[in-house]
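Data block for start.txt (compact mmCIF, C-alpha atoms):
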```txt
# COMPACT_ATOMS: atom_id res chain seq x y z
CA MET A 1 -184.18 -112.44 5.27
CA THR A 2 -187.10 -114.53 6.50
CA ASP A 3 -186.59 -118.19 7.39
CA ALA A 4 -188.30 -119.15 4.12
CA GLN A 5 -186.00 -116.89 2.11
CA THR A 6 -182.95 -118.22 3.93
CA HIS A 7 -183.99 -121.81 3.24
CA ALA A 8 -184.59 -120.99 -0.44
CA ALA A 9 -181.16 -119.35 -0.70
CA ASP A 10 -179.48 -122.33 1.00
CA THR A 11 -181.31 -124.72 -1.32
CA GLY A 12 -180.21 -122.72 -4.36
CA ALA A 13 -176.60 -122.70 -3.15
CA ASP A 14 -176.71 -126.46 -2.54
CA GLU A 15 -178.11 -127.08 -6.00
CA ALA A 16 -175.41 -124.91 -7.56
CA ALA A 17 -172.70 -126.76 -5.61
CA GLU A 18 -174.14 -130.11 -6.71
CA ALA A 19 -174.20 -128.91 -10.33
CA ASP A 20 -170.56 -127.83 -10.07
CA GLU A 21 -169.63 -131.18 -8.51
CA ALA A 22 -171.44 -133.04 -11.30
CA ALA A 23 -169.68 -130.96 -13.95
CA ASP A 24 -166.29 -131.59 -12.36
CA ARG A 25 -166.98 -135.32 -12.11
CA LYS A 26 -168.01 -135.45 -15.76
CA ALA A 27 -164.81 -133.64 -16.78
CA VAL A 28 -162.70 -136.03 -14.69
CA GLU A 29 -164.44 -139.09 -16.14
CA GLN A 30 -163.84 -137.80 -19.67
CA GLU A 31 -160.15 -137.27 -18.93
CA GLN A 32 -159.97 -140.67 -17.27
CA THR A 33 -161.33 -142.23 -20.45
CA GLU A 34 -158.54 -140.55 -22.44
CA ILE A 35 -155.95 -141.79 -19.96
CA LYS A 36 -157.38 -145.33 -20.02
CA ASP A 37 -156.94 -145.41 -23.79
CA PHE A 38 -153.35 -144.22 -23.30
CA VAL A 39 -152.62 -146.86 -20.65
CA LYS A 40 -154.04 -149.62 -22.88
CA GLY A 41 -151.17 -148.95 -25.26
CA LEU A 42 -148.50 -149.44 -22.58
CA SER A 43 -146.58 -152.67 -22.18
CA ALA A 44 -145.33 -154.13 -18.93
CA ASP A 45 -141.80 -153.13 -19.98
CA ASP A 46 -142.98 -149.54 -20.53
CA ILE A 47 -144.18 -149.44 -16.94
CA LYS A 48 -141.11 -151.00 -15.32
CA SER A 49 -138.56 -149.13 -17.45
CA GLY A 50 -140.21 -145.73 -17.02
CA ASN A 51 -140.83 -145.33 -20.75
CA TRP A 52 -144.50 -144.74 -19.94
CA PHE A 53 -143.53 -141.21 -18.87
CA THR A 54 -141.76 -140.49 -22.17
CA LYS A 55 -144.97 -141.38 -23.98
CA LEU A 56 -147.11 -139.48 -21.49
CA ALA A 57 -145.08 -136.28 -21.81
CA ALA A 58 -145.76 -136.19 -25.55
CA HIS A 59 -149.38 -137.26 -25.05
CA ALA A 60 -149.97 -134.63 -22.36
CA MET A 61 -148.19 -131.58 -23.74
CA ASN A 62 -147.89 -131.50 -27.55
CA ALA A 63 -151.45 -130.59 -28.51
CA TYR A 64 -152.09 -128.86 -25.19
CA THR A 65 -149.33 -126.27 -25.60
CA GLU A 66 -150.54 -125.42 -29.10
CA LYS A 67 -153.96 -124.53 -27.67
CA VAL A 68 -153.09 -123.01 -24.30
CA ASP A 69 -151.18 -119.74 -24.32
CA TRP A 70 -151.47 -116.41 -22.56
CA GLN A 71 -154.23 -115.28 -24.91
CA TYR A 72 -156.18 -118.45 -24.08
CA PHE A 73 -156.42 -117.34 -20.46
CA GLN A 74 -157.06 -113.71 -21.37
CA ASP A 75 -160.11 -114.75 -23.40
CA ARG A 76 -161.49 -116.56 -20.34
CA TYR A 77 -160.33 -114.28 -17.52
CA SER A 78 -160.09 -110.87 -19.17
CA GLY A 79 -158.78 -108.26 -16.76
CA VAL A 80 -158.20 -110.71 -13.89
CA PRO A 81 -154.70 -110.53 -12.28
CA ALA A 82 -152.48 -113.57 -12.81
CA ASP A 83 -152.31 -114.37 -9.07
CA ALA A 84 -156.10 -114.80 -8.90
CA ILE A 85 -156.23 -117.04 -11.97
CA VAL A 86 -153.33 -119.17 -10.73
CA ASP A 87 -155.08 -119.69 -7.41
CA GLN A 88 -158.23 -120.87 -9.20
CA ARG A 89 -156.27 -123.23 -11.47
CA ILE A 90 -154.56 -124.82 -8.45
CA LYS A 91 -157.88 -125.30 -6.65
CA MET A 92 -159.51 -126.78 -9.76
CA ALA A 93 -156.60 -129.19 -10.30
CA ALA A 94 -156.81 -130.26 -6.64
CA ARG A 95 -160.56 -130.92 -7.03
CA TYR A 96 -159.94 -133.01 -10.15
CA ALA A 97 -157.17 -134.94 -8.38
CA ALA A 98 -159.44 -135.67 -5.43
CA LEU A 99 -162.30 -136.86 -7.64
CA GLU A 100 -159.95 -139.08 -9.62
CA GLY A 101 -158.52 -140.50 -6.41
CA GLY A 102 -161.99 -141.58 -5.37
CA LEU A 103 -162.68 -143.19 -8.74
CA SER A 104 -159.34 -145.07 -8.78
CA ALA A 105 -159.10 -146.01 -5.12
CA GLY A 106 -159.81 -149.66 -5.91
CA ALA A 107 -156.23 -149.93 -7.14
CA TYR A 108 -154.76 -149.00 -3.79
CA THR A 109 -153.99 -152.45 -2.43
CA ALA A 110 -150.71 -153.92 -1.28
CA THR A 111 -151.03 -156.66 -3.92
CA VAL A 112 -150.56 -154.07 -6.68
CA ALA A 113 -147.18 -153.02 -5.29
CA ALA A 114 -146.10 -156.67 -5.24
CA THR A 115 -147.39 -157.26 -8.79
CA ILE A 116 -145.32 -154.41 -10.25
CA GLY A 117 -142.11 -156.14 -9.25
CA SER A 118 -143.01 -159.19 -11.32
CA LEU A 119 -144.00 -157.33 -14.48
CA GLY A 120 -142.30 -158.32 -17.70
CA GLY A 121 -142.91 -158.58 -21.41
CA ALA A 122 -143.68 -156.20 -24.23
CA SER A 123 -147.37 -156.92 -24.75
CA PRO A 124 -149.99 -154.64 -23.20
CA ALA A 125 -152.03 -157.77 -22.54
CA THR A 126 -149.49 -158.87 -19.95
CA VAL A 127 -150.29 -155.89 -17.72
CA PRO A 128 -152.58 -157.07 -14.89
CA ALA A 129 -155.89 -155.21 -14.54
CA ALA A 130 -155.03 -153.90 -11.06
CA VAL A 131 -151.74 -152.46 -12.28
CA ALA A 132 -153.47 -150.91 -15.29
CA THR A 133 -155.94 -149.20 -12.93
CA MET A 134 -153.07 -147.93 -10.80
CA MET A 135 -151.34 -146.62 -13.94
CA VAL A 136 -154.50 -144.70 -14.89
CA ASP A 137 -154.28 -142.95 -11.52
CA LEU A 138 -150.54 -142.26 -11.90
CA ALA A 139 -150.83 -141.05 -15.50
CA PHE A 140 -153.86 -138.90 -14.68
CA ILE A 141 -152.14 -137.14 -11.78
CA SER A 142 -148.86 -136.82 -13.70
CA ARG A 143 -150.59 -135.21 -16.68
CA LEU A 144 -152.65 -132.99 -14.39
CA GLN A 145 -149.58 -131.68 -12.57
CA LEU A 146 -147.58 -131.19 -15.78
CA ARG A 147 -150.38 -129.15 -17.31
CA LEU A 148 -150.96 -127.22 -14.09
CA ALA A 149 -147.30 -126.22 -13.91
CA TYR A 150 -147.39 -125.23 -17.59
CA ASP A 151 -150.56 -123.15 -17.04
CA ILE A 152 -148.87 -121.31 -14.19
CA SER A 153 -145.77 -120.57 -16.28
CA VAL A 154 -148.00 -119.16 -19.06
CA LEU A 155 -150.03 -117.02 -16.66
CA TYR A 156 -146.86 -115.47 -15.21
CA ARG A 157 -145.51 -114.94 -18.74
CA VAL A 158 -142.47 -117.14 -18.12
CA PRO A 159 -141.40 -118.41 -21.56
CA LEU A 160 -141.24 -122.22 -21.82
CA ASP A 161 -140.83 -124.29 -24.96
CA VAL A 162 -141.72 -127.91 -24.18
CA HIS A 163 -139.90 -128.99 -27.33
CA ASP A 164 -136.66 -127.61 -25.89
CA PRO A 165 -135.04 -130.27 -23.66
CA GLU A 166 -133.88 -127.73 -21.04
CA ASP A 167 -137.30 -126.09 -20.79
CA LEU A 168 -139.07 -129.47 -20.64
CA TRP A 169 -136.75 -130.62 -17.86
CA LYS A 170 -137.42 -127.39 -15.97
CA LEU A 171 -141.18 -127.96 -16.29
CA ILE A 172 -140.83 -131.55 -15.05
CA ARG A 173 -138.72 -130.51 -12.05
CA VAL A 174 -141.26 -127.89 -11.05
CA ALA A 175 -144.34 -130.06 -11.66
CA PHE A 176 -143.09 -132.96 -9.55
CA THR A 177 -140.95 -131.01 -7.06
CA ILE A 178 -137.90 -132.98 -8.20
CA LYS A 179 -134.82 -131.77 -6.31
CA SER A 180 -137.28 -129.72 -4.28
CA GLY A 181 -138.76 -132.35 -2.03
CA GLU A 182 -137.34 -130.49 0.92
CA ALA A 183 -139.35 -127.39 0.00
CA ALA A 184 -142.51 -129.46 -0.23
CA ARG A 185 -141.89 -131.18 3.08
CA GLU A 186 -141.18 -127.90 4.87
CA GLY A 187 -144.70 -126.70 4.08
CA VAL A 188 -146.44 -129.91 5.08
CA ALA A 189 -147.25 -128.95 8.67
CA LYS A 190 -149.03 -125.76 7.67
CA ALA A 191 -150.45 -126.85 4.33
CA VAL A 192 -152.35 -130.04 5.09
CA PRO A 193 -154.55 -131.50 7.85
CA ALA A 194 -152.93 -133.58 10.57
CA LEU A 195 -154.59 -136.73 9.23
CA VAL A 196 -152.70 -136.56 5.94
CA ARG A 197 -149.30 -135.30 7.16
CA PRO A 198 -147.73 -138.73 7.70
CA LEU A 199 -148.84 -139.83 4.22
CA ILE A 200 -147.54 -136.66 2.56
CA LYS A 201 -144.22 -136.90 4.40
CA ARG A 202 -143.80 -140.51 3.33
CA PHE A 203 -144.81 -139.63 -0.24
CA TYR A 204 -142.07 -137.00 -0.43
CA SER A 205 -139.52 -138.83 1.70
CA GLY A 206 -136.48 -140.70 0.46
CA SER A 207 -134.05 -139.64 -2.20
CA VAL A 208 -135.30 -137.26 -4.82
CA LEU A 209 -134.11 -137.49 -8.41
CA SER A 210 -130.51 -136.36 -8.15
CA ALA A 211 -129.19 -136.95 -11.66
CA GLY A 212 -130.22 -137.82 -15.18
CA LYS A 213 -132.64 -135.93 -17.39
CA ALA A 214 -133.84 -138.94 -19.37
CA LEU A 215 -137.61 -139.17 -19.21
CA PRO A 216 -137.62 -142.91 -18.38
CA VAL A 217 -135.65 -142.03 -15.22
CA VAL A 218 -138.46 -139.66 -14.27
CA GLY A 219 -140.98 -142.38 -15.02
CA LYS A 220 -139.23 -144.78 -12.65
CA TYR A 221 -139.08 -142.09 -9.97
CA LEU A 222 -142.79 -141.27 -10.21
CA LEU A 223 -143.79 -144.95 -10.28
CA ARG A 224 -141.70 -145.62 -7.18
CA ARG A 225 -143.28 -142.64 -5.44
CA ASN A 226 -146.80 -143.77 -6.33
CA VAL A 227 -146.14 -147.27 -5.05
CA ILE A 228 -145.54 -145.69 -1.62
CA LYS A 229 -149.14 -144.48 -1.74
CA ILE A 230 -150.41 -147.94 -2.72
CA GLY A 231 -148.34 -149.73 -0.10
CA ILE A 232 -149.76 -147.78 2.85
CA PRO A 233 -152.06 -150.21 4.71
CA LEU A 234 -155.81 -149.56 4.74
CA VAL A 235 -155.72 -146.70 2.24
CA GLY A 236 -159.36 -146.47 1.27
CA VAL A 237 -161.31 -143.95 -0.76
CA PRO A 238 -161.18 -141.08 1.80
CA LEU A 239 -157.39 -141.20 2.16
CA ALA A 240 -156.85 -141.70 -1.58
CA VAL A 241 -158.93 -138.58 -2.20
CA LEU A 242 -157.02 -136.57 0.41
CA LEU A 243 -153.60 -137.73 -0.73
CA ASN A 244 -154.27 -136.92 -4.38
CA ARG A 245 -155.74 -133.57 -3.43
CA TYR A 246 -152.96 -132.39 -1.16
CA THR A 247 -150.04 -133.64 -3.25
CA THR A 248 -151.55 -131.71 -6.18
CA LEU A 249 -152.02 -128.63 -3.99
CA LEU A 250 -148.38 -128.80 -2.91
CA ALA A 251 -147.22 -129.24 -6.51
CA GLY A 252 -149.33 -126.26 -7.60
CA ARG A 253 -148.08 -124.05 -4.80
CA HIS A 254 -144.51 -125.01 -5.60
CA ALA A 255 -145.04 -124.15 -9.27
CA ARG A 256 -146.61 -120.84 -8.27
CA ALA A 257 -143.63 -119.96 -6.06
CA VAL A 258 -141.07 -120.87 -8.75
CA PHE A 259 -142.73 -119.21 -11.73
CA ARG A 260 -143.98 -116.16 -9.85
CA ASN A 261 -140.44 -115.52 -8.65
CA GLU A 262 -139.08 -115.90 -12.18
CA ALA A 263 -141.77 -113.50 -13.40
CA ARG A 264 -140.44 -111.03 -10.82
CA MET A 265 -136.91 -111.43 -12.22
CA ILE A 266 -138.23 -110.88 -15.76
CA GLU A 267 -140.08 -107.76 -14.64
CA ILE A 268 -136.91 -106.34 -13.06
CA ALA A 269 -134.85 -107.22 -16.16
CA GLU A 270 -137.42 -105.61 -18.45
CA GLY A 271 -137.37 -102.39 -16.43
CA ILE A 272 -133.57 -102.23 -16.45
CA SER A 273 -133.32 -103.04 -20.16
CA GLU A 274 -136.02 -100.55 -21.13
CA ARG A 275 -134.33 -97.67 -19.29
CA SER A 276 -130.81 -98.54 -20.37
CA ARG A 277 -128.98 -96.16 -22.69
CA HIS A 278 -125.75 -98.17 -22.37
CA PRO A 279 -126.95 -101.79 -22.64
CA GLN A 280 -123.55 -103.39 -23.26
CA LEU A 281 -121.85 -101.54 -20.39
CA MET A 282 -124.86 -102.24 -18.17
CA LEU A 283 -124.37 -106.00 -18.62
CA TRP A 284 -120.70 -105.79 -17.58
CA VAL A 285 -121.53 -103.70 -14.52
CA ALA A 286 -124.47 -105.94 -13.58
CA TRP A 287 -122.27 -109.04 -13.72
CA LEU A 288 -119.57 -107.30 -11.67
CA VAL A 289 -122.14 -106.48 -8.97
CA LEU A 290 -123.51 -110.03 -8.98
CA ARG A 291 -120.00 -111.49 -8.72
CA ALA A 292 -118.79 -108.96 -6.12
CA ASN A 293 -118.19 -111.89 -3.82
CA ALA A 294 -116.46 -114.18 -6.29
CA LYS A 295 -116.03 -116.99 -3.74
CA ALA A 296 -119.77 -117.27 -3.07
CA LYS A 297 -122.03 -119.40 -5.21
CA ILE A 298 -124.28 -117.29 -7.40
CA ALA A 299 -127.86 -117.37 -6.14
CA ASP A 300 -130.67 -118.73 -8.30
CA ASP A 301 -132.36 -115.32 -8.47
CA GLU A 302 -129.11 -113.68 -9.58
CA ALA A 303 -128.56 -116.28 -12.32
CA LEU A 304 -132.17 -115.87 -13.50
CA LEU A 305 -131.88 -112.09 -13.58
CA MET A 306 -128.65 -112.15 -15.59
CA ARG A 307 -130.03 -114.68 -18.06
CA HIS A 308 -133.10 -112.53 -18.72
CA LEU A 309 -131.04 -109.32 -18.87
CA VAL A 310 -128.83 -110.84 -21.59
CA ARG A 311 -131.90 -112.09 -23.49
CA LEU A 312 -133.70 -108.75 -23.36
CA VAL A 313 -130.63 -106.74 -24.34
CA ARG A 314 -130.20 -109.06 -27.31
CA GLU A 315 -133.87 -108.77 -28.33
CA ARG A 316 -134.41 -105.06 -27.68
CA HIS A 317 -131.01 -103.52 -28.31
CA GLU A 318 -129.55 -106.14 -30.68
CA VAL A 319 -126.45 -106.34 -28.49
CA VAL A 320 -124.59 -109.65 -28.12
CA ASP A 321 -121.33 -109.51 -26.17
CA GLU A 322 -119.32 -112.65 -26.86
CA LYS A 323 -116.44 -111.42 -24.70
CA LEU A 324 -118.68 -111.20 -21.63
CA ALA A 325 -120.13 -114.61 -22.42
CA ASN A 326 -116.62 -116.09 -22.28
CA VAL A 327 -115.62 -114.45 -18.98
CA VAL A 328 -114.86 -116.90 -16.18
CA ASP A 329 -113.53 -114.58 -13.45
CA ILE A 330 -114.61 -111.01 -14.11
CA ASP A 331 -111.81 -108.46 -13.68
CA PRO A 332 -113.03 -105.24 -11.97
CA ALA A 333 -110.24 -103.27 -13.69
CA GLU A 334 -111.68 -104.27 -17.07
CA VAL A 335 -115.14 -103.03 -16.05
CA TRP A 336 -113.82 -99.74 -14.65
CA LYS A 337 -111.88 -99.19 -17.86
CA ARG A 338 -115.12 -99.56 -19.81
CA VAL A 339 -116.95 -97.20 -17.43
CA ASP A 340 -114.25 -94.53 -17.70
CA ALA A 341 -114.22 -94.77 -21.51
CA GLU A 342 -117.95 -94.09 -21.78
CA PRO A 343 -118.75 -90.36 -22.15
CA GLY A 344 -121.85 -88.63 -20.86
CA ASP A 345 -124.33 -89.36 -18.10
CA LEU A 346 -124.15 -92.92 -16.77
CA GLY A 347 -127.06 -92.57 -14.35
CA ASP A 348 -128.91 -95.42 -16.07
CA VAL A 349 -125.96 -97.76 -15.45
CA LEU A 350 -125.78 -96.76 -11.79
CA ASP A 351 -129.54 -97.23 -11.37
CA ALA A 352 -129.28 -100.70 -12.93
CA ALA A 353 -126.38 -101.65 -10.65
CA GLU A 354 -128.30 -100.58 -7.53
CA ARG A 355 -131.36 -102.57 -8.64
CA VAL A 356 -129.28 -105.65 -9.37
CA ALA A 357 -127.58 -105.49 -5.97
CA THR A 358 -130.93 -105.79 -4.13
CA VAL A 359 -132.36 -108.67 -6.14
CA ASP A 360 -131.36 -111.34 -3.62
CA GLY A 361 -132.08 -109.31 -0.50
CA ASP A 362 -129.92 -106.91 1.50
CA VAL A 363 -126.86 -105.38 -0.17
CA ASN A 364 -123.70 -106.93 1.30
CA SER A 365 -120.43 -105.14 2.01
CA ARG A 366 -118.70 -106.23 -1.20
CA GLU A 367 -121.66 -105.08 -3.32
CA LYS A 368 -121.68 -101.77 -1.45
CA ALA A 369 -118.00 -101.31 -2.28
CA VAL A 370 -118.64 -101.89 -5.99
CA LEU A 371 -121.56 -99.46 -5.96
CA ALA A 372 -119.49 -96.81 -4.15
CA GLU A 373 -116.71 -97.12 -6.73
CA LEU A 374 -119.23 -96.90 -9.56
CA ARG A 375 -120.84 -93.77 -8.09
CA GLU A 376 -117.45 -92.08 -7.78
CA ARG A 377 -116.49 -92.87 -11.38
CA CYS A 378 -119.90 -91.76 -12.68
CA ARG A 379 -119.54 -88.51 -10.74
CA ARG A 380 -116.09 -87.88 -12.19
CA GLY A 381 -117.34 -88.68 -15.65
```
Can you turn what I pasted into structure tokens?
Amino acid sequence: MTDAQTHAADTGADEAAEADEAADRKAVEQEQTEIKDFVKGLSADDIKSGNWFTKLAAHAMNAYTEKVDWQYFQDRYSGVPADAIVDQRIKMAARYAALEGGLSAGAYTATVAATIGSLGGASPATVPAAVATMMVDLAFISRLQLRLAYDISVLYRVPLDVHDPEDLWKLIRVAFTIKSGEAAREGVAKAVPALVRPLIKRFYSGSVLSAGKALPVVGKYLLRRNVIKIGIPLVGVPLAVLLNRYTTLLAGRHARAVFRNEARMIEIAEGISERSRHPQLMLWVAWLVLRANAKAKIADDEALLMRHLVRLVRERHEVVDEKLANVVDIDPAEVWKRVDAEPGDLGDVLDAAERVATVDGDVNSREKAVLAELRERCRRG
């Protein structure tokens, strides 16, 4: 390229970047307007009690989940692998969070933290303007992270029903790294610039939500966490932007790790279920392998795999085993009796058992013993 061509290309790239920035800012301002209308309906008691989050969860997710499903993303990113789309959604959410942080940074003063403690009353009019501005920031980021986590679950085809209390609680835990603050903090050193590390560590420090699924409890937790951000001295626009950006990045990466791993468990379960010619026996053998070391706590991946295996066997093979569901301590003799009673080739059961044994890493000695016994019985059969 000539110097003139290079300059023209650089100018075109700059103009495109400015157009993208303007479009993002417009989108953020539109969403901020929606959130401001939402916050206007909150009372001081809603804020202090945490009920604001109960209202936000409905406001954020009800209509959104009706519109956004797997087909929604396929229409926009046809043929693009889920990993690539997830990465783009995380980056976009982080950009939105940063822009919103800059627009709301005026709320980040120590006086706001002090004002929250004195809130009281049921009328929205009693909420001071500074606190209302801070709540716009908190509600915006909370809604953004909830929807980001939901998007990631949809893209990885992990089924979530936000109207089911268990699924909603799972989404909330993932979106806000509740009970997973340690995981977020472990990645701080590598994930964010040195300037922001102390702020991120403080943001995630302290006790995470250890009990209680009531949404007001979550609201109190998130409010308390956001007050940490406000209470940091001299937090101006640049740090507000960085803190919003990197906390959203960490939340998105956490959601990606959780839901991508569950998608892996679903993929394994689907393969086992599809190939199974003895679905009921396969479930008994799979559970025996997973509980080979009965004294050890079952790993999260193992529990996920078994849950999806049971679901898929029910949906695809119309098999529901109430006796297995009621088992507390599985008896190997009972499983071997079932294996010996089954005629014909049991290669599919053996294949399933070997796949199950590797789901949480290397096969341990107890799992190897179960697999050896199963091979011998299948060979005799």
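The space separating CA of Ala58 in chain A from CA of Asn244 in chain A comes to 22.8 Å.
Separating CA of Val136 in chain A from CA of Lys48 in chain A is a distance of 14.8 Å.
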Figure out the distance between CA of Val356 in chain A and CA of Ile172 in chain A, please, to one decimal in Å. 28.9 Å
Would you pick out the contacts of His278 in chain A at 12 Å or less, using only C-alpha atoms, so that residues sharing its chain but fewer than 4 positions from it are not included, and give the list as a ChimeraX atom specification? /A:272-274,282-286,313,317,319,338-339,342-352
Around the point (-156.6, -138.6, -3.5) (coordinates from the file), which residues reach within 6 Å if we count only C-alpha atoms? Answer as a list in words. Ala98, Gly101, Ala240, Val241, Leu242, Leu243, Asn244 and Arg245 of chain A
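Closest approach to Pro332 in chain A from the set A:Val154, A:Leu119, A:Ala353, A:Val370 is made by A:Val370, with distances taken over all atoms listed in the file.
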Tell me which protein, DNA and RNA residues are within 12 Å of Arg264 in chain A, counting all atoms listed in the file, leaving out same-chain ones fewer than 3 positions away, and put them as a VMD selection string. chain A and resid 156 to 158 256 to 261 267 to 271 301 to 302 304 to 305 308 359 to 360
Can you spit out the residues from that selection as a compact mmCIF listing (two decimals), in the frame of the given file, using C-alpha atoms?
```txt
# COMPACT_ATOMS: atom_id res chain seq x y z
CA TYR A 156 -146.86 -115.47 -15.21
CA ARG A 157 -145.51 -114.94 -18.74
CA VAL A 158 -142.47 -117.14 -18.12
CA ARG A 256 -146.61 -120.84 -8.27
CA ALA A 257 -143.63 -119.96 -6.06
CA VAL A 258 -141.07 -120.87 -8.75
CA PHE A 259 -142.73 -119.21 -11.73
CA ARG A 260 -143.98 -116.16 -9.85
CA ASN A 261 -140.44 -115.52 -8.65
CA GLU A 267 -140.08 -107.76 -14.64
CA ILE A 268 -136.91 -106.34 -13.06
CA ALA A 269 -134.85 -107.22 -16.16
CA GLU A 270 -137.42 -105.61 -18.45
CA GLY A 271 -137.37 -102.39 -16.43
CA ASP A 301 -132.36 -115.32 -8.47
CA GLU A 302 -129.11 -113.68 -9.58
CA LEU A 304 -132.17 -115.87 -13.50
CA LEU A 305 -131.88 -112.09 -13.58
CA HIS A 308 -133.10 -112.53 -18.72
CA VAL A 359 -132.36 -108.67 -6.14
CA ASP A 360 -131.36 -111.34 -3.62
```
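Ranking A:Leu312, A:Leu155, A:Val227, A:Ala93 by their shortest atom-to-atom distance to Ile141 in chain A, with all atoms listed in the file included, puts A:Ala93 first.
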Nearby residues (only C-alpha atoms) at most 10 Å from range 61-63 of chain A, same-chain spacing under 4 positions excluded, as a VMD selection string: chain A and resid 56 to 57 67 to 68 143 146 to 147 150 162 to 163 168
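Shortest separation to Gly252 in chain A among A:Val218, A:Val328, A:Leu223, A:Ile90 occurs at residue A:Ile90, atoms counted being all atoms listed in the file.
Nearest residue to Ala44 in chain A, choosing from A:Ala132, A:Leu222, A:Ala251, A:Met265 and counting only C-alpha atoms: A:Ala132.
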Taking all atoms listed in the file into account, name the residue in A:Ala130, A:Ile85, A:Leu288, A:Ala214 that is nearest to Lys368 in chain A. A:Leu288
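Restricting the calculation to all atoms listed in the file, the smallest distance between Ser43 in chain A and any of A:Ala82, A:Ile152, A:Ala60, A:Val131 is found for A:Val131.
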Please determine an axis-aligned box that encloses all atoms of range 273-292 of chain A listed in the file, with 3 Å added on each side, and express its centre and edge lengths in Å to one decimal as JSON.
```
{"center_x": -127.4, "center_y": -103.8, "center_z": -14.7, "size_x": 23.2, "size_y": 21.3, "size_z": 23.1}
```
Please tell me which residues are no farther than 12 Å from (-128.3, -114.1, -3.5) in the file, counting all atoms listed in the file, and write them as a ChimeraX atom specification. /A:289-293,296-305,356-364,367
